[in-house]
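**Student:** Attaching a single structure in structure tokens format; questions to follow.
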Amino acid sequence: MTTPIRVAYLHAAAAAAVTLLRDPAVARSWETPSALPEFAVSGLAGHLAQQIFRVPEVLAGEVPASAPIALLEHYARSRWLDAGVDDGANVAIRRGGDDAAADGAAALAGRADGAVERLRELLPAEPVDRVVHLPWGPWSLTLDDFLTTRLMELAVHADDLAVSVGVETPALPPEVIEPVIDLLSRLALRRHGAAAVLRALSRSERAPRTISAL
């Protein structure tokens with residue numbers, strides 16, 4: 001069944017990821033440092049593409065017997081979120097990006113494009129209440145909650161990659177960016193508290209230095 005988040009995810013995967021990965025600026029900057037600490041452009045591009053590759057991987061797994069956890073509980077359990085750049089979880093994330101990018105920019109973009117086309121067939125065929133198991137958790141989420149996490153990663157890392165190679169950040173329509181902003185707002189609320197988020201959004205004279213969600 002096609003749900004709004006599935007439509008939004010496929011749009012972001014094609015428009016924010018594949019189109020950007022095919023930009024000649026990415027290949028030209030492949031070996032240079034990115035805007036993120038300890039990430040080369042190649043590794044960041046690989047990490048962006050992994051937000052596509054992960055989806056068919058989890059869909060290929062058995063439907064878990066365990067109940068899915070809530071979306072914010074997923075982030076509460078995720079070790080990388082509050083970890084330093086040299087923490088093992090974040091080192092593993094960077095290594096995964098490097099591995100995904102090992103065959104070069106053109107090959108990575110081609111793999112990402114092929115994965116998106118496959119997902120155009122797979123996602124509408126899944127029931128609305130489909131649950132997927134995340135082996136790196138390990139725990140389970142509804143498919144739509146999992147796609148929300150990937151949608152946020154696509155939007156955030158497309159911006160990171162665009163800034164890294166000096167091109168415009170891909171423009172995303174409201175139906176794509178609004179779920180991302182909603183999730184980031186809830187994560188910022190969890191991290192900084194209501195007063196900080198309220199002031200940042202309404203009162204520049206007493207806004208905190210940051211309400212970064214990640």
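In the structure tokens, the first chain shown is A, the next is B, and so on; residue numbers restart at 1 for each chain, and ligands run from 1 in the order shown.
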Skip Leu184 of chain A itself and residues of its chain fewer than 5 positions away, then list as number ranges by chain all residues within 12 Å of it, counting only C-alpha atoms.
**Tutor:** A: 71-72, 75, 148-149, 151-153, 155-156, 177-179, 189-192, 197, 211-214
**Student:** Store the residues of this selection in a file with C-alpha atoms, as a compact mmCIF listing (two decimals), in the first residue's frame.
**Tutor:**
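The new file out00.txt reads:
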```
# COMPACT_ATOMS: atom_id res chain seq x y z
CA LEU A 71 9.84 6.11 16.74
CA LEU A 72 11.25 8.27 19.55
CA TYR A 75 16.31 7.26 18.96
CA THR A 148 10.77 8.28 8.39
CA THR A 149 14.21 7.72 9.91
CA LEU A 151 13.86 10.27 5.09
CA MET A 152 15.42 12.44 7.77
CA GLU A 153 18.87 11.01 7.00
CA ALA A 155 17.41 15.28 3.83
CA VAL A 156 20.14 16.05 6.36
CA ILE A 177 10.43 18.13 4.31
CA GLU A 178 7.59 18.52 6.83
CA PRO A 179 7.93 14.99 8.29
CA LEU A 189 12.65 18.86 22.34
CA ARG A 190 13.93 15.62 23.85
CA ARG A 191 17.51 16.90 23.95
CA HIS A 192 17.08 20.55 24.95
CA VAL A 197 12.93 25.06 21.63
CA ILE A 211 18.70 23.47 19.58
CA SER A 212 20.41 20.98 17.25
CA ALA A 213 18.56 17.67 17.32
CA LEU A 214 21.58 15.57 16.30
```
**Student:** Excluding Val7 of chain A and residues on its chain fewer than 2 positions from it, collect all residues at most 12 Å away from it, counting only C-alpha atoms, and give them as a ChimeraX atom specification.
**Tutor:** /A:1-5,9-14,116,119-121,123-124,144,147-148,151,173,175-176,179
**Student:** Mind writing the picked residues with N, CA, C and O atoms as a compact mmCIF listing (two decimals), in the first residue's frame?
**Tutor:**
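Just written: result-v4.txt:
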```txt
# COMPACT_ATOMS: atom_id res chain seq x y z
N MET A 1 0.85 -1.19 0.00
CA MET A 1 0.00 0.00 0.00
C MET A 1 0.89 1.25 0.00
O MET A 1 1.86 1.32 0.73
N THR A 2 0.55 2.18 -0.85
CA THR A 2 1.30 3.43 -0.89
C THR A 2 0.77 4.38 0.18
O THR A 2 -0.39 4.75 0.17
N THR A 3 1.64 4.76 1.11
CA THR A 3 1.29 5.69 2.17
C THR A 3 2.03 7.00 1.91
O THR A 3 3.02 7.02 1.16
N PRO A 4 1.62 8.09 2.55
CA PRO A 4 2.30 9.37 2.30
C PRO A 4 3.80 9.31 2.59
O PRO A 4 4.59 9.91 1.84
N ILE A 5 4.21 8.61 3.63
CA ILE A 5 5.64 8.59 3.96
C ILE A 5 6.41 7.76 2.94
O ILE A 5 7.58 8.06 2.64
N TYR A 9 9.41 9.32 0.87
CA TYR A 9 10.73 8.68 0.90
C TYR A 9 11.25 8.46 -0.52
O TYR A 9 12.41 8.77 -0.83
N LEU A 10 10.42 7.91 -1.41
CA LEU A 10 10.86 7.65 -2.77
C LEU A 10 11.23 8.95 -3.50
O LEU A 10 12.21 8.99 -4.26
N HIS A 11 10.47 10.01 -3.24
CA HIS A 11 10.80 11.30 -3.86
C HIS A 11 12.17 11.78 -3.37
O HIS A 11 13.01 12.21 -4.17
N ALA A 12 12.40 11.71 -2.06
CA ALA A 12 13.68 12.17 -1.52
C ALA A 12 14.84 11.31 -1.99
O ALA A 12 15.92 11.82 -2.30
N ALA A 13 14.63 10.00 -2.06
CA ALA A 13 15.70 9.12 -2.51
C ALA A 13 16.12 9.45 -3.94
O ALA A 13 17.32 9.44 -4.25
N ALA A 14 15.15 9.76 -4.78
CA ALA A 14 15.47 10.08 -6.18
C ALA A 14 15.97 11.51 -6.33
O ALA A 14 17.01 11.76 -6.96
N VAL A 116 16.53 2.53 -5.96
CA VAL A 116 15.29 3.33 -5.92
C VAL A 116 14.25 2.71 -6.85
O VAL A 116 13.06 2.59 -6.48
N LEU A 119 12.75 -0.21 -5.23
CA LEU A 119 11.86 0.17 -4.13
C LEU A 119 10.53 0.72 -4.63
O LEU A 119 9.53 0.63 -3.92
N ARG A 120 10.50 1.25 -5.84
CA ARG A 120 9.22 1.70 -6.40
C ARG A 120 8.26 0.52 -6.58
O ARG A 120 7.04 0.70 -6.57
N GLU A 121 8.82 -0.67 -6.72
CA GLU A 121 8.00 -1.88 -6.82
C GLU A 121 7.74 -2.47 -5.43
O GLU A 121 6.62 -2.94 -5.15
N LEU A 123 7.89 -1.14 -2.18
CA LEU A 123 7.18 -0.44 -1.10
C LEU A 123 5.66 -0.47 -1.25
O LEU A 123 4.95 -0.72 -0.27
N PRO A 124 5.10 -0.24 -2.45
CA PRO A 124 3.63 -0.30 -2.54
C PRO A 124 3.07 -1.69 -2.29
O PRO A 124 1.88 -1.84 -1.98
N ASP A 144 6.80 2.25 8.03
CA ASP A 144 6.69 3.69 7.81
C ASP A 144 7.54 4.49 8.79
O ASP A 144 8.11 5.53 8.43
N LEU A 147 11.04 4.23 7.47
CA LEU A 147 11.23 5.12 6.33
C LEU A 147 11.32 6.58 6.77
O LEU A 147 12.04 7.37 6.15
N THR A 148 10.64 6.93 7.85
CA THR A 148 10.77 8.28 8.39
C THR A 148 12.19 8.54 8.85
O THR A 148 12.75 9.62 8.62
N LEU A 151 14.20 8.99 5.72
CA LEU A 151 13.86 10.27 5.09
C LEU A 151 14.62 11.41 5.75
O LEU A 151 15.17 12.29 5.06
N PRO A 173 9.83 19.25 -1.61
CA PRO A 173 8.50 19.82 -1.42
C PRO A 173 8.02 19.65 0.01
O PRO A 173 8.58 18.85 0.79
N GLU A 175 5.59 18.08 1.41
CA GLU A 175 5.21 16.74 1.86
C GLU A 175 6.42 15.87 2.17
O GLU A 175 6.28 14.83 2.83
N VAL A 176 7.59 16.28 1.71
CA VAL A 176 8.83 15.56 2.02
C VAL A 176 9.52 16.18 3.24
O VAL A 176 9.93 15.48 4.16
N PRO A 179 7.68 16.09 7.34
CA PRO A 179 7.93 14.99 8.29
C PRO A 179 9.34 15.03 8.88
O PRO A 179 9.55 14.63 10.03
```
**Student:** Skipping near chain neighbours, those fewer than 2 positions away, what residues fall within 8 Å of Leu48 of chain A using only C-alpha atoms, listed as a PyMOL selection string?
**Tutor:** chain A and resi 17+44-46+50-52+97+153-154+157-158
**Student:** If you count only C-alpha atoms, which residues fall within 8 Å of segment 38-41 of chain A, apart from same-chain ones fewer than 3 positions away, as a PDB file with all heavy atoms, in the first residue's frame?
**Tutor:**
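Writing done, so here's out-v5.pdb:
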```pdb
ATOM      1  N   VAL A  26      30.358  16.071  -7.200  1.00  0.00           N
ATOM      2  CA  VAL A  26      30.634  15.014  -6.228  1.00  0.00           C
ATOM      3  C   VAL A  26      31.860  14.214  -6.665  1.00  0.00           C
ATOM      4  O   VAL A  26      32.783  13.972  -5.874  1.00  0.00           O
ATOM      5  CB  VAL A  26      29.405  14.110  -6.037  1.00  0.00           C
ATOM      6  CG1 VAL A  26      29.740  12.899  -5.169  1.00  0.00           C
ATOM      7  CG2 VAL A  26      28.253  14.900  -5.426  1.00  0.00           C
ATOM      8  N   SER A  29      35.124  16.145  -6.252  1.00  0.00           N
ATOM      9  CA  SER A  29      35.554  16.369  -4.863  1.00  0.00           C
ATOM     10  C   SER A  29      35.704  15.063  -4.088  1.00  0.00           C
ATOM     11  O   SER A  29      35.846  15.093  -2.864  1.00  0.00           O
ATOM     12  CB  SER A  29      34.517  17.262  -4.153  1.00  0.00           C
ATOM     13  OG  SER A  29      34.299  18.459  -4.845  1.00  0.00           O
ATOM     14  N   TRP A  30      35.682  13.942  -4.768  1.00  0.00           N
ATOM     15  CA  TRP A  30      35.559  12.619  -4.160  1.00  0.00           C
ATOM     16  C   TRP A  30      36.545  12.366  -3.026  1.00  0.00           C
ATOM     17  O   TRP A  30      36.197  11.828  -1.977  1.00  0.00           O
ATOM     18  CB  TRP A  30      35.729  11.567  -5.251  1.00  0.00           C
ATOM     19  CG  TRP A  30      35.265  10.187  -4.912  1.00  0.00           C
ATOM     20  CD1 TRP A  30      36.051   9.074  -4.789  1.00  0.00           C
ATOM     21  CD2 TRP A  30      33.921   9.750  -4.692  1.00  0.00           C
ATOM     22  NE1 TRP A  30      35.276   7.966  -4.509  1.00  0.00           N
ATOM     23  CE2 TRP A  30      33.961   8.357  -4.444  1.00  0.00           C
ATOM     24  CE3 TRP A  30      32.688  10.397  -4.668  1.00  0.00           C
ATOM     25  CZ2 TRP A  30      32.825   7.613  -4.186  1.00  0.00           C
ATOM     26  CZ3 TRP A  30      31.557   9.660  -4.405  1.00  0.00           C
ATOM     27  CH2 TRP A  30      31.621   8.287  -4.165  1.00  0.00           C
ATOM     28  N   GLU A  31      37.772  12.774  -3.185  1.00  0.00           N
ATOM     29  CA  GLU A  31      38.815  12.474  -2.199  1.00  0.00           C
ATOM     30  C   GLU A  31      39.046  13.600  -1.195  1.00  0.00           C
ATOM     31  O   GLU A  31      39.916  13.488  -0.330  1.00  0.00           O
ATOM     32  CB  GLU A  31      40.140  12.158  -2.905  1.00  0.00           C
ATOM     33  CG  GLU A  31      40.071  10.993  -3.882  1.00  0.00           C
ATOM     34  CD  GLU A  31      39.749   9.666  -3.191  1.00  0.00           C
ATOM     35  OE1 GLU A  31      40.021   9.555  -1.978  1.00  0.00           O
ATOM     36  OE2 GLU A  31      39.247   8.748  -3.872  1.00  0.00           O
ATOM     37  N   THR A  32      38.275  14.667  -1.287  1.00  0.00           N
ATOM     38  CA  THR A  32      38.504  15.819  -0.408  1.00  0.00           C
ATOM     39  C   THR A  32      37.693  15.684   0.882  1.00  0.00           C
ATOM     40  O   THR A  32      36.726  14.928   0.936  1.00  0.00           O
ATOM     41  CB  THR A  32      38.133  17.128  -1.124  1.00  0.00           C
ATOM     42  OG1 THR A  32      36.725  17.128  -1.397  1.00  0.00           O
ATOM     43  CG2 THR A  32      38.905  17.266  -2.431  1.00  0.00           C
ATOM     44  N   PRO A  33      38.085  16.426   1.927  1.00  0.00           N
ATOM     45  CA  PRO A  33      37.303  16.385   3.170  1.00  0.00           C
ATOM     46  C   PRO A  33      35.892  16.936   2.942  1.00  0.00           C
ATOM     47  O   PRO A  33      35.685  17.844   2.142  1.00  0.00           O
ATOM     48  CB  PRO A  33      38.093  17.288   4.123  1.00  0.00           C
ATOM     49  CG  PRO A  33      39.478  17.321   3.560  1.00  0.00           C
ATOM     50  CD  PRO A  33      39.305  17.240   2.066  1.00  0.00           C
ATOM     51  N   SER A  34      34.946  16.378   3.656  1.00  0.00           N
ATOM     52  CA  SER A  34      33.569  16.869   3.576  1.00  0.00           C
ATOM     53  C   SER A  34      33.322  17.892   4.675  1.00  0.00           C
ATOM     54  O   SER A  34      34.213  18.219   5.468  1.00  0.00           O
ATOM     55  CB  SER A  34      32.584  15.711   3.718  1.00  0.00           C
ATOM     56  OG  SER A  34      32.452  15.322   5.074  1.00  0.00           O
ATOM     57  N   ALA A  35      32.085  18.371   4.765  1.00  0.00           N
ATOM     58  CA  ALA A  35      31.701  19.308   5.818  1.00  0.00           C
ATOM     59  C   ALA A  35      31.566  18.634   7.174  1.00  0.00           C
ATOM     60  O   ALA A  35      31.431  19.326   8.190  1.00  0.00           O
ATOM     61  CB  ALA A  35      30.385  19.988   5.440  1.00  0.00           C
ATOM     62  N   LEU A  44      30.935  10.284   2.808  1.00  0.00           N
ATOM     63  CA  LEU A  44      29.640  10.928   3.039  1.00  0.00           C
ATOM     64  C   LEU A  44      28.657  10.555   1.942  1.00  0.00           C
ATOM     65  O   LEU A  44      27.474  10.288   2.210  1.00  0.00           O
ATOM     66  CB  LEU A  44      29.828  12.445   3.114  1.00  0.00           C
ATOM     67  CG  LEU A  44      28.563  13.278   3.305  1.00  0.00           C
ATOM     68  CD1 LEU A  44      27.779  12.844   4.543  1.00  0.00           C
ATOM     69  CD2 LEU A  44      28.922  14.766   3.402  1.00  0.00           C
ATOM     70  N   ALA A  45      29.130  10.518   0.690  1.00  0.00           N
ATOM     71  CA  ALA A  45      28.269  10.090  -0.413  1.00  0.00           C
ATOM     72  C   ALA A  45      27.814   8.651  -0.202  1.00  0.00           C
ATOM     73  O   ALA A  45      26.648   8.305  -0.440  1.00  0.00           O
ATOM     74  CB  ALA A  45      29.010  10.233  -1.740  1.00  0.00           C
ATOM     75  N   VAL A  85      32.524  11.795  18.023  1.00  0.00           N
ATOM     76  CA  VAL A  85      32.922  11.441  16.670  1.00  0.00           C
ATOM     77  C   VAL A  85      33.814  10.205  16.645  1.00  0.00           C
ATOM     78  O   VAL A  85      33.829   9.447  15.661  1.00  0.00           O
ATOM     79  CB  VAL A  85      33.606  12.645  15.986  1.00  0.00           C
ATOM     80  CG1 VAL A  85      34.953  12.947  16.633  1.00  0.00           C
ATOM     81  CG2 VAL A  85      33.744  12.427  14.486  1.00  0.00           C
ATOM     82  N   ARG A  94      31.048   5.623   9.679  1.00  0.00           N
ATOM     83  CA  ARG A  94      31.954   6.154   8.650  1.00  0.00           C
ATOM     84  C   ARG A  94      32.563   5.032   7.815  1.00  0.00           C
ATOM     85  O   ARG A  94      32.699   5.157   6.592  1.00  0.00           O
ATOM     86  CB  ARG A  94      33.048   7.001   9.301  1.00  0.00           C
ATOM     87  CG  ARG A  94      32.515   8.267   9.963  1.00  0.00           C
ATOM     88  CD  ARG A  94      33.628   9.255  10.243  1.00  0.00           C
ATOM     89  NE  ARG A  94      34.628   8.743  11.177  1.00  0.00           N
ATOM     90  CZ  ARG A  94      34.528   8.837  12.507  1.00  0.00           C
ATOM     91  NH1 ARG A  94      33.447   9.382  13.061  1.00  0.00           N
ATOM     92  NH2 ARG A  94      35.491   8.384  13.296  1.00  0.00           N
ATOM     93  N   LEU A 161      26.212  16.908   1.962  1.00  0.00           N
ATOM     94  CA  LEU A 161      26.992  16.616   0.756  1.00  0.00           C
ATOM     95  C   LEU A 161      26.992  17.805  -0.195  1.00  0.00           C
ATOM     96  O   LEU A 161      28.032  18.141  -0.781  1.00  0.00           O
ATOM     97  CB  LEU A 161      26.436  15.366   0.069  1.00  0.00           C
ATOM     98  CG  LEU A 161      27.217  14.872  -1.155  1.00  0.00           C
ATOM     99  CD1 LEU A 161      28.671  14.560  -0.796  1.00  0.00           C
ATOM    100  CD2 LEU A 161      26.544  13.640  -1.765  1.00  0.00           C
ATOM    101  N   SER A 164      29.347  20.317   1.040  1.00  0.00           N
ATOM    102  CA  SER A 164      30.720  19.810   0.921  1.00  0.00           C
ATOM    103  C   SER A 164      31.296  20.007  -0.475  1.00  0.00           C
ATOM    104  O   SER A 164      32.506  20.201  -0.628  1.00  0.00           O
ATOM    105  CB  SER A 164      30.757  18.319   1.268  1.00  0.00           C
ATOM    106  OG  SER A 164      30.363  18.092   2.601  1.00  0.00           O
ATOM    107  N   VAL A 165      30.444  19.933  -1.505  1.00  0.00           N
ATOM    108  CA  VAL A 165      30.953  20.016  -2.873  1.00  0.00           C
ATOM    109  C   VAL A 165      30.590  21.330  -3.556  1.00  0.00           C
ATOM    110  O   VAL A 165      30.877  21.527  -4.732  1.00  0.00           O
ATOM    111  CB  VAL A 165      30.450  18.817  -3.723  1.00  0.00           C
ATOM    112  CG1 VAL A 165      30.895  17.509  -3.087  1.00  0.00           C
ATOM    113  CG2 VAL A 165      28.940  18.839  -3.930  1.00  0.00           C
TER     114      VAL A 165
END
```
**Student:** Among segment 27-170 of chain A, which ones does DSSP place in alpha helix (DSSP H), written as number ranges by chain?
**Tutor:** A: 27-28, 41-59, 71-77, 88-100, 105-125, 143-165
**Student:** Report, in Å to a single decimal, how far apart atom CA of Ala16 of chain A and atom CA of Ala200 of chain A are.
**Tutor:**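 Pair atom CA of Ala200 of chain A / atom CA of Ala16 of chain A returns 27.2 Å.
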**Student:** Using only C-alpha atoms, which of the listed residues (A:Gly137, A:Pro37, A:Asp113, A:Ala188) sits closest to Arg77 of chain A?
**Tutor:**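 Result for the nearest residue to Arg77 of chain A: A:Gly137.
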**Student:** Do you know which residues are at most 9 Å from Ala101 of chain A counting only C-alpha atoms, after dropping those on the same chain fewer than 5 positions away, and could you put them as a list in words?
**Tutor:** Ser42, Gly43, Leu44, Ala45, Gly46, His47, Ala49, Gly96, Ala107 and Leu108 of chain A
**Student:** Since we have the selection now, will you write its residues out, keeping all heavy atoms, as a short mmCIF file (atom, residue, chain, number, x, y, z; two decimals), in the first residue's frame?
**Tutor:**
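Listed below is the output, part10.cif:
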```
data_model
loop_
_atom_site.label_atom_id
_atom_site.label_comp_id
_atom_site.auth_asym_id
_atom_site.auth_seq_id
_atom_site.Cartn_x
_atom_site.Cartn_y
_atom_site.Cartn_z
N SER A 42 33.70 11.15 -0.40
CA SER A 42 33.35 9.80 -0.84
C SER A 42 32.58 9.05 0.23
O SER A 42 31.53 8.43 -0.04
CB SER A 42 34.61 9.02 -1.23
OG SER A 42 35.54 9.00 -0.15
N GLY A 43 33.08 9.07 1.46
CA GLY A 43 32.40 8.38 2.55
C GLY A 43 31.05 8.96 2.86
O GLY A 43 30.09 8.23 3.17
N LEU A 44 30.94 10.28 2.81
CA LEU A 44 29.64 10.93 3.04
C LEU A 44 28.66 10.55 1.94
O LEU A 44 27.47 10.29 2.21
CB LEU A 44 29.83 12.45 3.11
CG LEU A 44 28.56 13.28 3.30
CD1 LEU A 44 27.78 12.84 4.54
CD2 LEU A 44 28.92 14.77 3.40
N ALA A 45 29.13 10.52 0.69
CA ALA A 45 28.27 10.09 -0.41
C ALA A 45 27.81 8.65 -0.20
O ALA A 45 26.65 8.30 -0.44
CB ALA A 45 29.01 10.23 -1.74
N GLY A 46 28.74 7.80 0.25
CA GLY A 46 28.37 6.42 0.53
C GLY A 46 27.34 6.32 1.65
O GLY A 46 26.41 5.52 1.58
N HIS A 47 27.50 7.14 2.67
CA HIS A 47 26.54 7.13 3.78
C HIS A 47 25.17 7.62 3.32
O HIS A 47 24.14 7.07 3.72
CB HIS A 47 27.06 8.00 4.92
CG HIS A 47 26.21 7.98 6.13
ND1 HIS A 47 25.92 6.83 6.82
CD2 HIS A 47 25.54 8.97 6.78
CE1 HIS A 47 25.13 7.10 7.85
NE2 HIS A 47 24.89 8.40 7.84
N ALA A 49 23.96 7.28 0.28
CA ALA A 49 23.40 6.18 -0.51
C ALA A 49 22.93 5.03 0.37
O ALA A 49 21.96 4.34 0.02
CB ALA A 49 24.43 5.69 -1.52
N GLY A 96 31.18 2.20 7.14
CA GLY A 96 30.14 1.74 6.23
C GLY A 96 29.99 2.64 5.02
O GLY A 96 29.79 2.16 3.89
N ALA A 107 29.72 4.43 -9.98
CA ALA A 107 29.15 3.15 -9.56
C ALA A 107 28.18 3.32 -8.41
O ALA A 107 27.12 2.68 -8.37
CB ALA A 107 30.28 2.19 -9.17
N LEU A 108 28.52 4.19 -7.47
CA LEU A 108 27.63 4.42 -6.32
C LEU A 108 26.31 5.01 -6.79
O LEU A 108 25.23 4.56 -6.36
CB LEU A 108 28.31 5.35 -5.33
CG LEU A 108 27.50 5.66 -4.06
CD1 LEU A 108 27.33 4.41 -3.21
CD2 LEU A 108 28.18 6.77 -3.25
#
```
**Student:** Mind pulling up the distance from atom CA of Ser140 of chain A to atom CA of Arg118 of chain A?
**Tutor:** 22.5 Å
**Student:** Closest to Val58 of chain A among A:Arg111, A:His74, A:Arg150, A:His133, using only C-alpha atoms?
**Tutor:**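 Under the stated criterion, the closest residue is A:His133.
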**Student:** One decimal, Å: what's the distance from atom CA of Ser202 of chain A over to atom CA of Ala8 of chain A, could you say?
**Tutor:**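 Here the two named atoms are 28.4 Å from each other.
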**Student:** Considering only C-alpha atoms, can you say which of A:Asp99, A:Asp145, A:Asp159, A:Asp23 comes closest to Glu73 of chain A?
**Tutor:**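 Of all the options, A:Asp145 lies closest to Glu73 of chain A.
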**Student:** What parts of segment 22-207 of chain A does DSSP call strand (DSSP E or B)? I'd like the answer as a PyMOL selection string.
**Tutor:** chain A and resi 33+40+131-134+139-142
**Student:** Residues of the last selection are to be written out with C-alpha atoms, as a CSV table (one decimal), in the first residue's frame.
**Tutor:**
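Dumped everything to part_26.csv:
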```csv
chain,number,residue,atom,x,y,z
A,33,PRO,CA,37.3,16.4,3.2
A,40,ALA,CA,35.7,12.4,3.1
A,131,VAL,CA,7.0,-4.3,10.6
A,132,VAL,CA,10.7,-4.6,9.9
A,133,HIS,CA,13.6,-5.8,12.1
A,134,LEU,CA,16.7,-3.6,12.4
A,139,TRP,CA,14.7,-4.0,17.6
A,140,SER,CA,11.8,-3.6,15.3
A,141,LEU,CA,9.9,-0.6,13.8
A,142,THR,CA,6.9,-0.2,11.6
```
